[in-house]
$ cat start-v6.txt   # compact mmCIF, C-alpha atoms and all ligand atoms
# COMPACT_ATOMS: atom_id res chain seq x y z
CA MET U 1 -205.69 -98.38 72.04
CA GLU U 2 -206.69 -102.04 72.11
CA THR U 3 -210.36 -101.16 71.53
CA LEU U 4 -209.41 -98.90 68.61
CA ARG U 5 -207.46 -101.81 67.09
CA HIS U 6 -210.55 -104.02 67.40
CA VAL U 7 -212.57 -101.33 65.59
CA VAL U 8 -209.99 -101.32 62.75
CA VAL U 9 -210.17 -105.17 62.59
CA PHE U 10 -213.97 -104.75 62.30
CA VAL U 11 -213.53 -102.29 59.40
CA HIS U 12 -211.04 -104.74 57.82
CA LEU U 13 -213.69 -107.48 58.04
CA ILE U 14 -216.32 -105.18 56.48
CA GLY U 15 -213.93 -104.66 53.53
CA PHE U 16 -213.45 -108.42 53.20
CA ALA U 17 -217.24 -108.99 53.39
CA VAL U 18 -217.93 -106.35 50.72
CA LEU U 19 -215.24 -107.76 48.37
CA PHE U 20 -216.22 -111.40 48.82
CA GLY U 21 -219.96 -110.65 48.90
CA ALA U 22 -219.81 -108.63 45.68
CA TRP U 23 -217.80 -111.45 44.07
CA ALA U 24 -220.25 -114.13 45.33
CA VAL U 25 -223.22 -112.22 43.86
CA GLN U 26 -221.50 -112.31 40.46
CA ALA U 27 -220.35 -115.92 40.83
CA PHE U 28 -223.78 -117.26 41.75
CA GLY U 29 -225.78 -114.73 39.74
CA GLY U 30 -224.21 -116.06 36.57
CA ARG U 31 -222.88 -112.76 35.13
CA ARG U 32 -219.27 -113.25 36.28
CA GLN U 33 -218.19 -109.64 35.85
CA PHE U 34 -215.96 -107.47 38.03
CA THR U 35 -217.83 -104.65 39.78
CA ARG U 36 -216.90 -101.36 41.42
CA LEU U 37 -218.07 -102.77 44.77
CA MET U 38 -215.30 -105.40 44.63
CA THR U 39 -212.68 -102.66 44.25
CA ILE U 40 -214.29 -100.65 47.07
CA GLY U 41 -214.25 -103.69 49.41
CA MET U 42 -210.65 -104.48 48.48
CA THR U 43 -209.58 -100.89 49.14
CA ILE U 44 -211.27 -100.87 52.59
CA ALA U 45 -209.58 -104.20 53.48
CA ALA U 46 -206.23 -102.91 52.19
CA VAL U 47 -206.27 -99.60 54.09
CA ALA U 48 -207.43 -101.22 57.36
CA GLY U 49 -204.99 -104.13 56.83
CA LEU U 50 -202.03 -101.77 56.39
CA ALA U 51 -203.06 -99.94 59.59
CA LEU U 52 -203.18 -103.31 61.40
CA ALA U 53 -199.73 -104.24 60.06
CA ALA U 54 -198.20 -101.69 62.45
CA PRO U 55 -197.59 -103.01 65.99
CA TRP U 56 -199.98 -100.83 68.01
CA GLY U 57 -202.59 -101.98 70.52
CA VAL U 58 -201.11 -105.50 70.71
CA SER U 59 -199.19 -107.23 73.49
CA TYR U 60 -197.83 -109.97 71.20
CA GLU U 61 -195.40 -110.08 68.24
CA LEU U 62 -197.02 -109.68 64.83
CA ASN U 63 -196.30 -112.37 62.23
CA TYR U 64 -194.73 -110.30 59.46
CA VAL U 65 -194.22 -113.26 57.11
CA LYS U 66 -197.97 -113.89 57.24
CA ILE U 67 -198.77 -110.18 56.82
CA GLY U 68 -196.35 -109.98 53.85
CA VAL U 69 -197.99 -112.98 52.18
CA LYS U 70 -201.43 -111.37 52.69
CA LEU U 71 -200.16 -108.14 51.15
CA VAL U 72 -198.80 -109.96 48.07
CA VAL U 73 -202.10 -111.86 47.67
CA LEU U 74 -204.01 -108.57 47.93
CA LEU U 75 -201.77 -106.95 45.29
CA VAL U 76 -202.50 -109.88 42.93
CA ILE U 77 -206.25 -109.46 43.57
CA GLY U 78 -205.88 -105.73 42.80
CA ALA U 79 -203.99 -106.45 39.59
CA LEU U 80 -206.62 -108.97 38.46
CA LEU U 81 -209.47 -106.53 39.20
CA GLY U 82 -207.57 -103.79 37.34
CA ILE U 83 -206.80 -105.89 34.25
CA GLY U 84 -210.28 -107.47 34.17
CA GLY U 85 -211.98 -104.11 34.70
CA ALA U 86 -210.01 -102.61 31.78
CA ARG U 87 -211.06 -105.53 29.54
CA GLN U 88 -214.70 -104.96 30.51
CA LYS U 89 -214.43 -101.26 29.63
CA ARG U 90 -213.27 -102.30 26.14
CA GLY U 91 -216.39 -104.46 25.86
CA ALA U 92 -214.56 -107.77 26.35
CA SER U 93 -215.46 -110.24 29.08
CA VAL U 94 -213.34 -111.25 32.07
CA PRO U 95 -211.60 -114.61 31.43
CA ALA U 96 -213.14 -117.32 33.66
CA ALA U 97 -209.79 -118.15 35.31
CA MET U 98 -209.29 -114.49 36.22
CA PHE U 99 -212.78 -114.25 37.71
CA TRP U 100 -212.52 -117.42 39.83
CA LEU U 101 -208.99 -116.52 40.97
CA VAL U 102 -210.26 -113.31 42.59
CA GLY U 103 -212.74 -115.26 44.76
CA LEU U 104 -210.23 -117.98 45.50
CA LEU U 105 -207.47 -115.56 46.53
CA THR U 106 -209.89 -113.51 48.67
CA ALA U 107 -210.98 -116.68 50.50
CA ALA U 108 -207.32 -117.74 50.75
CA ASN U 109 -206.40 -114.44 52.45
CA ALA U 110 -209.19 -114.91 55.00
CA ALA U 111 -208.02 -118.51 55.58
CA ILE U 112 -204.41 -117.35 56.03
CA ALA U 113 -205.65 -114.71 58.52
CA VAL U 114 -207.50 -117.16 60.75
CA ILE U 115 -205.59 -120.47 60.33
CA TRP U 116 -201.92 -119.31 60.20
CA ARG U 117 -200.95 -118.27 63.73
C1 LIG Q 1 -208.56 -109.56 50.52
C2 LIG Q 1 -207.67 -109.27 51.43
C3 LIG Q 1 -207.76 -109.63 52.91
C4 LIG Q 1 -208.63 -110.47 53.57
C5 LIG Q 1 -209.77 -111.30 52.99
C6 LIG Q 1 -208.28 -110.42 54.98
C7 LIG Q 1 -208.93 -111.10 56.01
C8 LIG Q 1 -208.68 -110.97 57.35
C9 LIG Q 1 -209.45 -111.57 58.42
C10 LIG Q 1 -210.67 -112.47 58.22
C11 LIG Q 1 -208.88 -111.19 59.60
C12 LIG Q 1 -209.34 -111.54 61.03
C13 LIG Q 1 -208.48 -112.64 61.61
C14 LIG Q 1 -208.63 -112.79 63.10
O1 LIG Q 1 -209.13 -111.89 63.78
O2 LIG Q 1 -208.19 -113.84 63.58
C15 LIG Q 1 -207.72 -110.37 59.29
C16 LIG Q 1 -206.85 -109.82 60.22
C17 LIG Q 1 -205.71 -109.13 59.90
N1 LIG Q 1 -205.31 -108.71 58.65
FE1 LIG Q 1 -206.25 -109.14 56.90
N2 LIG Q 1 -207.17 -109.58 55.14
C18 LIG Q 1 -206.84 -109.08 53.88
C19 LIG Q 1 -205.79 -108.22 53.59
C20 LIG Q 1 -204.85 -107.79 54.50
C21 LIG Q 1 -203.69 -106.99 54.19
C22 LIG Q 1 -203.35 -106.47 52.80
C23 LIG Q 1 -203.02 -106.79 55.35
C24 LIG Q 1 -201.74 -106.06 55.60
C25 LIG Q 1 -200.84 -105.75 54.73
C26 LIG Q 1 -203.74 -107.45 56.41
C27 LIG Q 1 -203.37 -107.48 57.74
C28 LIG Q 1 -204.10 -108.05 58.76
C29 LIG Q 1 -203.69 -108.04 60.17
C30 LIG Q 1 -202.42 -107.43 60.72
C31 LIG Q 1 -204.71 -108.72 60.87
C32 LIG Q 1 -204.71 -109.05 62.39
C33 LIG Q 1 -205.45 -108.01 63.19
C34 LIG Q 1 -205.28 -108.27 64.69
O3 LIG Q 1 -205.60 -109.38 65.15
O4 LIG Q 1 -204.82 -107.35 65.37
N3 LIG Q 1 -204.86 -108.06 55.85
N4 LIG Q 1 -207.64 -110.25 57.91
$ encode --input "start-v6.txt" --output "structure tokens" --more "lines below"
Ligand code: HEM
Amino acid sequence: METLRHVVVFVHLIGFAVLFGAWAVQAFGGRRQFTRLMTIGMTIAAVAGLALAAPWGVSYELNYVKIGVKLVVLLVIGALLGIGGARQKRGASVPAAMFWLVGLLTAANAAIAVIWR
């Protein structure tokens, strides 16, 4: 059970890497657009994260305040990707603040995960 949980944490980290990596490519490649890969990474992180939010394969108490904050942050990221993606489909560009916020909030969720105990 514990090993399976570690595998799900690994999948969760792959989702984070795909989301943040796809965002970093755009941020440093100069195009600053939202891509399908960001949504895919976010979805992987979300599904694995929700599975990890249940208390299985752990011998300690989960921090539900922290998990709740991470869920809210993820929902904001999802909303930003949704709104920005819709704007792109209409031929408009993603506002700079919206683009940078996605990277910032993704990094913030990783920071919350590792720093807040
Ligand atoms: C963009 C969104 C997210 C990012 C970047 C992210 C990042 C991370 C990282 C880096 C870890 C590993 C921390 C460690 O092992 O010390 C982690 C663990 C975890 N995440 Fe997330 N996360 C995200 C979304 C979520 C969501 C939405 C949930 C649940 C609603 C969630 C629940 C968890 C749980 C429960 C763990 C602990 C796993 C364990 O140690 O058993 N995460 N997350």
$ residues_near_ligand --input "start-v6.txt" --ligand "ligand LIG 1 (chain Q)" --cutoff "7 Å" --atoms "all atoms listed in the file" --output "list in words"
Arg5, His6, Val9, His12, Leu13, Phe16, Met42, Ala45, Ala46, Gly49, Leu50, Leu52, Ala53, Val58, Ile67, Gly68, Lys70, Leu71, Leu74, Thr106, Ala107, Asn109, Ala110, Ala113 and Val114 of chain U
$ closest_residue --input "start-v6.txt" --among "U:Lys89, U:Arg36, U:Arg117, U:Arg31" --to "Glu61 of chain U" --atoms "all atoms listed in the file"
U:Arg117
$ atom_distance --input "start-v6.txt" --atom1 "atom CA of Ala17 of chain U" --atom2 "atom CA of Val94 of chain U"
21.8 Å
$ residues_around --input "start-v6.txt" --residues "Ala22 of chain U" --least-positions-apart "6" --cutoff "12 Å" --atoms "all atoms listed in the file" --output "list in words"
Ile14, Gly15, Phe16, Phe28, Gly29, Arg31, Arg32, Gln33, Phe34, Thr35, Arg36, Leu37, Met38, Thr39, Ile40, Gly41, Met42, Val102, Gly103 and Thr106 of chain U
$ atom_distance --input "start-v6.txt" --atom1 "atom CA of Ile77 of chain U" --atom2 "atom CA of Leu62 of chain U"
23.2 Å
$ closest_residue --input "start-v6.txt" --among "U:Val47, U:Val65, U:Ala27, U:Ala54" --to "Ala96 of chain U" --atoms "all atoms listed in the file"
U:Ala27
